[in-house]
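Dropping start36.pdb in here (PDB, C-alpha atoms and all ligand atoms):
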```
ATOM      1  CA  MET A  96     -11.992 -13.385  -8.025
ATOM      2  CA  LYS A  97      -8.560 -12.019  -7.197
ATOM      3  CA  LYS A  98      -7.729 -11.613  -3.526
ATOM      4  CA  ILE A  99      -6.529  -8.054  -2.913
ATOM      5  CA  THR A 100      -4.985  -6.949   0.386
ATOM      6  CA  VAL A 101      -4.016  -3.399   1.286
ATOM      7  CA  PHE A 102      -1.211  -3.625   3.886
ATOM      8  CA  TYR A 103      -0.507  -0.422   5.791
ATOM      9  CA  GLY A 104       1.721   0.978   8.512
ATOM     10  CA  SER A 105       0.427   4.115  10.217
ATOM     11  CA  THR A 106       1.470   6.020  13.335
ATOM     12  CA  THR A 107      -1.210   8.722  13.690
ATOM     13  CA  GLY A 108      -3.869   7.102  11.497
ATOM     14  CA  ASN A 109      -3.519   8.942   8.178
ATOM     15  CA  THR A 110      -2.170   5.978   6.202
ATOM     16  CA  GLY A 111      -4.692   3.688   7.866
ATOM     17  CA  SER A 112      -7.583   5.905   6.753
ATOM     18  CA  ALA A 113      -6.217   6.027   3.219
ATOM     19  CA  ALA A 114      -5.768   2.230   3.166
ATOM     20  CA  LYS A 115      -9.387   1.683   4.154
ATOM     21  CA  ALA A 116     -10.617   4.161   1.529
ATOM     22  CA  ILE A 117      -8.461   2.482  -1.147
ATOM     23  CA  ALA A 118      -9.760  -0.981  -0.205
ATOM     24  CA  ALA A 119     -13.367   0.252  -0.296
ATOM     25  CA  ALA A 120     -12.862   1.905  -3.685
ATOM     26  CA  LEU A 121     -11.219  -1.219  -5.122
ATOM     27  CA  GLY A 122     -14.198  -3.296  -3.996
ATOM     28  CA  ASP A 123     -14.239  -6.990  -5.010
ATOM     29  CA  GLY A 124     -13.601  -8.019  -1.403
ATOM     30  CA  ALA A 125     -10.374  -6.023  -1.084
ATOM     31  CA  GLU A 126      -9.415  -5.636   2.551
ATOM     32  CA  ALA A 127      -7.139  -3.330   4.515
ATOM     33  CA  ARG A 128      -4.747  -4.911   7.016
ATOM     34  CA  ASP A 129      -2.394  -3.341   9.538
ATOM     35  CA  VAL A 130       1.065  -4.646   8.607
ATOM     36  CA  SER A 131       2.137  -5.180  12.217
ATOM     37  CA  GLY A 132       3.154  -8.801  12.650
ATOM     38  CA  ALA A 133       2.757  -9.740   8.972
ATOM     39  CA  ASP A 134       5.091 -12.578   7.919
ATOM     40  CA  ALA A 135       6.240 -13.719   4.475
ATOM     41  CA  ASN A 136       3.216 -16.027   4.163
ATOM     42  CA  ALA A 137       0.831 -13.144   4.766
ATOM     43  CA  PHE A 138       2.414 -11.253   1.874
ATOM     44  CA  SER A 139       2.516 -14.337  -0.368
ATOM     45  CA  GLU A 140      -1.185 -15.108   0.001
ATOM     46  CA  PRO A 141      -2.998 -12.292  -1.918
ATOM     47  CA  ASP A 142      -3.032 -12.166  -5.715
ATOM     48  CA  VAL A 143      -2.636  -8.382  -5.662
ATOM     49  CA  LEU A 144      -0.899  -6.367  -2.942
ATOM     50  CA  VAL A 145      -1.273  -2.670  -2.205
ATOM     51  CA  LEU A 146       1.374  -1.439   0.257
ATOM     52  CA  GLY A 147       1.121   1.875   2.114
ATOM     53  CA  THR A 148       3.434   3.704   4.477
ATOM     54  CA  SER A 149       3.989   7.130   5.939
ATOM     55  CA  THR A 150       7.513   8.542   6.263
ATOM     56  CA  TRP A 151       9.056   9.353   9.654
ATOM     57  CA  GLY A 152      12.366  10.649  11.016
ATOM     58  CA  VAL A 153      14.032  12.057   7.925
ATOM     59  CA  GLY A 154      13.089   9.742   5.082
ATOM     60  CA  ASP A 155      12.458   6.649   7.219
ATOM     61  CA  LEU A 156       9.864   3.955   6.772
ATOM     62  CA  GLN A 157       7.009   3.929   9.308
ATOM     63  CA  ASP A 158       7.857   1.816  12.383
ATOM     64  CA  ASP A 159       5.505  -1.110  11.770
ATOM     65  CA  TRP A 160       7.014  -1.608   8.313
ATOM     66  CA  VAL A 161      10.545  -1.642   9.712
ATOM     67  CA  GLY A 162       9.749  -5.001  11.300
ATOM     68  CA  ALA A 163       7.847  -6.306   8.280
ATOM     69  CA  LEU A 164      10.190  -5.278   5.464
ATOM     70  CA  ASP A 165      12.359  -8.401   5.574
ATOM     71  CA  ALA A 166       9.215 -10.555   5.505
ATOM     72  CA  LEU A 167       8.047  -8.656   2.418
ATOM     73  CA  LYS A 168      11.421  -9.133   0.721
ATOM     74  CA  GLY A 169      11.175 -12.870   1.448
ATOM     75  CA  ALA A 170       7.616 -13.257   0.124
ATOM     76  CA  ARG A 171       6.784 -15.084  -3.116
ATOM     77  CA  LEU A 172       5.509 -12.277  -5.332
ATOM     78  CA  ALA A 173       6.559 -13.622  -8.742
ATOM     79  CA  GLY A 174       3.708 -13.123 -11.195
ATOM     80  CA  LYS A 175       1.864 -10.790  -8.805
ATOM     81  CA  LYS A 176       1.005  -7.156  -9.269
ATOM     82  CA  VAL A 177       1.907  -4.761  -6.465
ATOM     83  CA  ALA A 178       0.996  -1.087  -6.002
ATOM     84  CA  VAL A 179       2.428   1.277  -3.402
ATOM     85  CA  PHE A 180       1.230   4.489  -1.778
ATOM     86  CA  GLY A 181       2.820   6.932   0.631
ATOM     87  CA  LEU A 182       1.815   9.677   3.047
ATOM     88  CA  GLY A 183       4.146  12.585   3.742
ATOM     89  CA  ASP A 184       4.535  16.293   4.402
ATOM     90  CA  GLN A 185       5.945  18.221   1.449
ATOM     91  CA  ASN A 186       6.209  21.545   3.353
ATOM     92  CA  GLY A 187       7.909  20.195   6.473
ATOM     93  CA  PHE A 188      10.003  17.496   4.787
ATOM     94  CA  GLY A 189      10.581  18.665   1.214
ATOM     95  CA  ASP A 190      13.999  16.967   1.062
ATOM     96  CA  SER A 191      12.724  13.527   2.079
ATOM     97  CA  PHE A 192       9.186  13.686   0.778
ATOM     98  CA  VAL A 193       7.455  10.275   0.989
ATOM     99  CA  ASP A 194      10.865   8.547   0.889
ATOM    100  CA  GLY A 195       9.510   5.541   2.791
ATOM    101  CA  MET A 196       7.395   4.538  -0.197
ATOM    102  CA  ARG A 197      10.612   3.807  -2.107
ATOM    103  CA  ASP A 198      11.589   1.146   0.419
ATOM    104  CA  LEU A 199       8.301  -0.688  -0.183
ATOM    105  CA  TYR A 200       8.804  -0.413  -3.952
ATOM    106  CA  ASP A 201      12.334  -1.828  -3.727
ATOM    107  CA  ALA A 202      11.229  -4.680  -1.442
ATOM    108  CA  ALA A 203       8.317  -5.615  -3.726
ATOM    109  CA  ILE A 204      10.676  -5.816  -6.699
ATOM    110  CA  ALA A 205      13.229  -7.798  -4.669
ATOM    111  CA  ALA A 206      10.443 -10.311  -3.923
ATOM    112  CA  GLY A 207       9.710 -10.685  -7.642
ATOM    113  CA  GLY A 208       6.574  -8.528  -7.867
ATOM    114  CA  THR A 209       5.569  -6.290 -10.764
ATOM    115  CA  VAL A 210       4.842  -2.770  -9.549
ATOM    116  CA  VAL A 211       1.976  -0.821 -11.144
ATOM    117  CA  GLY A 212       0.344   2.508 -10.290
ATOM    118  CA  ALA A 213       3.083   5.104 -10.915
ATOM    119  CA  CYS A 214       1.876   8.732 -10.699
ATOM    120  CA  ALA A 215       2.928  12.140 -12.030
ATOM    121  CA  THR A 216       4.597  14.569  -9.615
ATOM    122  CA  ASP A 217       2.397  17.470 -10.806
ATOM    123  CA  GLY A 218       0.582  19.265  -7.991
ATOM    124  CA  TYR A 219       3.235  18.632  -5.324
ATOM    125  CA  GLU A 220       6.067  20.994  -4.293
ATOM    126  CA  PHE A 221       9.204  19.370  -2.921
ATOM    127  CA  SER A 222      12.911  19.424  -3.637
ATOM    128  CA  GLU A 223      13.886  15.770  -3.223
ATOM    129  CA  SER A 224      12.185  12.410  -2.969
ATOM    130  CA  ARG A 225      13.602   8.904  -3.223
ATOM    131  CA  ALA A 226      10.098   7.866  -4.296
ATOM    132  CA  VAL A 227      10.634   9.428  -7.738
ATOM    133  CA  VAL A 228      11.917   6.999 -10.384
ATOM    134  CA  ASP A 229      12.209   8.009 -14.051
ATOM    135  CA  GLY A 230      10.452  11.305 -13.297
ATOM    136  CA  GLN A 231       7.377   9.768 -11.683
ATOM    137  CA  PHE A 232       6.345   8.796  -8.172
ATOM    138  CA  VAL A 233       6.477   4.999  -7.875
ATOM    139  CA  GLY A 234       2.910   5.087  -6.497
ATOM    140  CA  LEU A 235       0.163   7.290  -5.092
ATOM    141  CA  VAL A 236       1.291  10.197  -2.916
ATOM    142  CA  LEU A 237      -1.000  11.772  -0.322
ATOM    143  CA  ASP A 238      -0.221  14.765   1.891
ATOM    144  CA  ASP A 239      -2.812  15.077   4.637
ATOM    145  CA  ASP A 240      -0.692  17.723   6.382
ATOM    146  CA  ASN A 241      -0.948  20.261   3.550
ATOM    147  CA  GLN A 242      -3.378  18.972   0.919
ATOM    148  CA  ALA A 243      -5.952  16.947   2.835
ATOM    149  CA  GLY A 244      -8.706  18.333   0.627
ATOM    150  CA  GLN A 245      -7.219  16.507  -2.354
ATOM    151  CA  THR A 246      -6.921  13.090  -0.734
ATOM    152  CA  ASP A 247     -10.320  11.691  -1.712
ATOM    153  CA  ALA A 248      -9.994  12.761  -5.360
ATOM    154  CA  ARG A 249      -6.422  11.468  -5.572
ATOM    155  CA  ILE A 250      -7.501   8.092  -4.202
ATOM    156  CA  ALA A 251     -10.447   7.904  -6.605
ATOM    157  CA  ALA A 252      -8.290   8.725  -9.651
ATOM    158  CA  TRP A 253      -5.573   6.270  -8.617
ATOM    159  CA  VAL A 254      -7.993   3.427  -7.990
ATOM    160  CA  THR A 255      -9.482   3.998 -11.465
ATOM    161  CA  GLN A 256      -5.943   3.801 -12.878
ATOM    162  CA  LEU A 257      -5.169   0.679 -10.834
ATOM    163  CA  LYS A 258      -8.313  -1.112 -11.973
ATOM    164  CA  GLN A 259      -7.220  -0.563 -15.570
ATOM    165  CA  GLU A 260      -3.647  -1.696 -14.910
ATOM    166  CA  LEU A 261      -4.922  -4.743 -13.006
ATOM    167  CA  GLY A 262      -7.442  -5.635 -15.706
ATOM    168  CA  MET A 263     -10.407  -5.139 -13.336
ATOM    169  CA  SER A 264     -12.297  -2.677 -15.530
TER
HETATM  170  C1  LIG B 301       8.699  13.681  13.432
HETATM  171  C2  LIG B 301       8.114  13.567  12.054
HETATM  172  C3  LIG B 301       8.932  13.211  10.997
HETATM  173  C4  LIG B 301       8.425  13.142   9.689
HETATM  174  N1  LIG B 301       9.274  12.880   8.620
HETATM  175  C5  LIG B 301       8.796  12.944   7.356
HETATM  176  C6  LIG B 301       9.662  12.779   6.230
HETATM  177  O1  LIG B 301      10.877  12.584   6.342
HETATM  178  N2  LIG B 301       9.123  12.849   4.982
HETATM  179  C7  LIG B 301       7.786  13.080   4.770
HETATM  180  O2  LIG B 301       7.346  13.150   3.612
HETATM  181  N3  LIG B 301       6.927  13.223   5.831
HETATM  182  C8  LIG B 301       7.407  13.168   7.107
HETATM  183  N4  LIG B 301       6.538  13.323   8.165
HETATM  184  C9  LIG B 301       5.091  13.521   7.911
HETATM  185  C10 LIG B 301       4.254  12.230   8.086
HETATM  186  O3  LIG B 301       4.677  11.209   7.209
HETATM  187  C11 LIG B 301       2.786  12.576   7.803
HETATM  188  O4  LIG B 301       2.301  13.390   8.843
HETATM  189  C12 LIG B 301       1.876  11.386   7.631
HETATM  190  O5  LIG B 301       0.596  11.818   7.201
HETATM  191  C13 LIG B 301       1.701  10.528   8.880
HETATM  192  O6  LIG B 301       0.939   9.405   8.548
HETATM  193  P1  LIG B 301       0.500   8.272   9.614
HETATM  194  O7  LIG B 301      -0.428   8.933  10.573
HETATM  195  O8  LIG B 301      -0.186   7.236   8.804
HETATM  196  O9  LIG B 301       1.751   7.753  10.245
HETATM  197  C14 LIG B 301       7.042  13.392   9.464
HETATM  198  C15 LIG B 301       6.222  13.731  10.550
HETATM  199  C16 LIG B 301       6.741  13.836  11.829
HETATM  200  C17 LIG B 301       5.825  14.257  12.961
END
```
Rewrite the structure of this file - the entire thing - as structure tokens.
Amino acid sequence: MKKITVFYGSTTGNTGSAAKAIAAALGDGAEARDVSGADANAFSEPDVLVLGTSTWGVGDLQDDWVGALDALKGARLAGKKVAVFGLGDQNGFGDSFVDGMRDLYDAAIAAGGTVVGACATDGYEFSESRAVVDGQFVGLVLDDDNQAGQTDARIAAWVTQLKQELGMS
């Protein structure tokens, strides 16, 4: 069985709640872990990594990830699948919507990982986001500030997609 870890950084708890729901939906022993204090070994250990962050300041990675990003870049992710998700506020921060997720995506690629789980931007209203690559979000986007009612369904649909891309279904 593949070991799957959902690493998250969360200031007010939204990303943490999403991480736990994603881990539960993935099943197969997947676990959610607060990224605080994670070193390169912690990131190198799982077979599959799911990385989640909220965005703070204007387009900044959540604080706990700021300390862990270099460790992620230095992890051994060659041959591993990685998926990313981000929490943001499209009404309040439509010019930097879920930007922090892009930093996780870039770090995962720098560490040799293969990123899966890209999503369409349909259903969100924003003007700019660094998390859009080739017209798609690089991962799952959740907006608990404005669209909390859609979070559960978005997680369920994404986990179904991930299981297919990871060969779990
Ligand atoms: C001061 C402040 C700055 C924020 N900056 C951004 C931002 O640049 N882009 C964005 O999409 N969301 C931004 N947000 C929204 C948060 O990312 C959002 O509320 C998120 O759900 C928080 O998740 P957490 O509780 O897991 O940290 C900001 C929120 C606050 C209060």
Proximity check chain A to ligand LIG 301 (chain B), 6 Å, nearest pairs one decimal Å, all atoms listed in the file, as JSON lines:
```
{"residue": "A:Ser105", "atom": "CA", "partner": "B:LIG301", "partner_atom": "O8", "distance": 3.5}
{"residue": "A:Thr106", "atom": "CA", "partner": "B:LIG301", "partner_atom": "O9", "distance": 3.6}
{"residue": "A:Thr107", "atom": "CA", "partner": "B:LIG301", "partner_atom": "O7", "distance": 3.2}
{"residue": "A:Gly108", "atom": "CA", "partner": "B:LIG301", "partner_atom": "O7", "distance": 4.0}
{"residue": "A:Asn109", "atom": "CA", "partner": "B:LIG301", "partner_atom": "O8", "distance": 3.8}
{"residue": "A:Thr110", "atom": "CA", "partner": "B:LIG301", "partner_atom": "O8", "distance": 3.5}
{"residue": "A:Gly111", "atom": "CA", "partner": "B:LIG301", "partner_atom": "O8", "distance": 5.8}
{"residue": "A:Ser149", "atom": "CA", "partner": "B:LIG301", "partner_atom": "O3", "distance": 4.3}
{"residue": "A:Thr150", "atom": "CA", "partner": "B:LIG301", "partner_atom": "O3", "distance": 4.0}
{"residue": "A:Trp151", "atom": "CA", "partner": "B:LIG301", "partner_atom": "N1", "distance": 3.7}
{"residue": "A:Gly152", "atom": "CA", "partner": "B:LIG301", "partner_atom": "C3", "distance": 4.3}
{"residue": "A:Val153", "atom": "CA", "partner": "B:LIG301", "partner_atom": "O1", "distance": 3.6}
{"residue": "A:Gly154", "atom": "CA", "partner": "B:LIG301", "partner_atom": "O1", "distance": 3.8}
{"residue": "A:Leu182", "atom": "CA", "partner": "B:LIG301", "partner_atom": "O5", "distance": 4.8}
{"residue": "A:Gly183", "atom": "CA", "partner": "B:LIG301", "partner_atom": "O2", "distance": 3.3}
{"residue": "A:Asp184", "atom": "CA", "partner": "B:LIG301", "partner_atom": "N3", "distance": 4.1}
{"residue": "A:Gln185", "atom": "CA", "partner": "B:LIG301", "partner_atom": "O2", "distance": 5.7}
{"residue": "A:Phe188", "atom": "CA", "partner": "B:LIG301", "partner_atom": "N2", "distance": 4.7}
{"residue": "A:Ser191", "atom": "CA", "partner": "B:LIG301", "partner_atom": "N2", "distance": 4.7}
{"residue": "A:Phe192", "atom": "CA", "partner": "B:LIG301", "partner_atom": "O2", "distance": 3.4}
{"residue": "A:Val193", "atom": "CA", "partner": "B:LIG301", "partner_atom": "O2", "distance": 3.9}
{"residue": "A:Asp239", "atom": "CA", "partner": "B:LIG301", "partner_atom": "O5", "distance": 5.4}
{"residue": "A:Asp240", "atom": "CA", "partner": "B:LIG301", "partner_atom": "O4", "distance": 5.8}
```
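Here the question is which of A:Arg128, A:Trp253, A:Arg197, A:Ala206 gets nearest to Phe232 in chain A using only C-alpha atoms, and that residue is A:Arg197.
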Handout entry: Straight-line distance linking CA of Asp142 in chain A with CA of Arg225 in chain A, stated in Å to one decimal
Key = 27.0 Å
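Minimum atom-to-atom distances from A:Leu235, A:Ala202, A:Ala125, A:Ala118 to Ala248 in chain A were compared using only C-alpha atoms, and the lowest value belongs to A:Leu235.
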Completion exercise
Using only C-alpha atoms, the best pick from A:Ile117, A:Asp165, A:Glu220, A:Trp160 as closest to Arg249 in chain A would be A:Ile117
Exercise for the section: Give me, please, the distance in Å between CA of Leu156 in chain A and CA of Ala114 in chain A, quoted to one decimal. Expected result: 16.1 Å
Practice task
Mind giving me the straight-line distance from CA of Val227 in chain A to CA of Asp201 in chain A in Å, one decimal?
Solution key: 12.1 Å
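The neighbours of range 207-218 of chain A here are the residues that come within 6 Å of it, using only C-alpha atoms and leaving out any residue fewer than 4 positions away in the same chain; they are A:Leu172, A:Ala173, A:Lys175, A:Lys176, A:Val177, A:Ala178, A:Ala203, A:Gln231, A:Phe232, A:Val233, A:Gly234, A:Leu257.
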Problem - Selection near Asp159 in chain A, 10 Å with only C-alpha atoms, sequence-local residues under 4 positions removed, as an MDAnalysis selection string - result: chainID A and resid 103:106 129:133 148 163:164
Problem - Pick from A:Asp158, A:Ala170, A:Ile250, A:Val179, whichever lies nearest to Phe102 in chain A using all atoms listed in the file - result: A:Val179
Exercise for the section: Point out the residue among A:Gln256, A:Thr246, A:Gln157, A:Ser139 with the least atom-to-atom distance to Leu199 in chain A, counting all atoms listed in the file. Expected result: A:Gln157
Exercise for the section: Quick one: everything within 6 Å of Val101 in chain A, counting all atoms listed in the file, minus sequence neighbours fewer than 2 positions away in the same chain. Send it as a list in words. Expected result: Glu126, Ala127, Arg128, Val145 and Leu146 of chain A
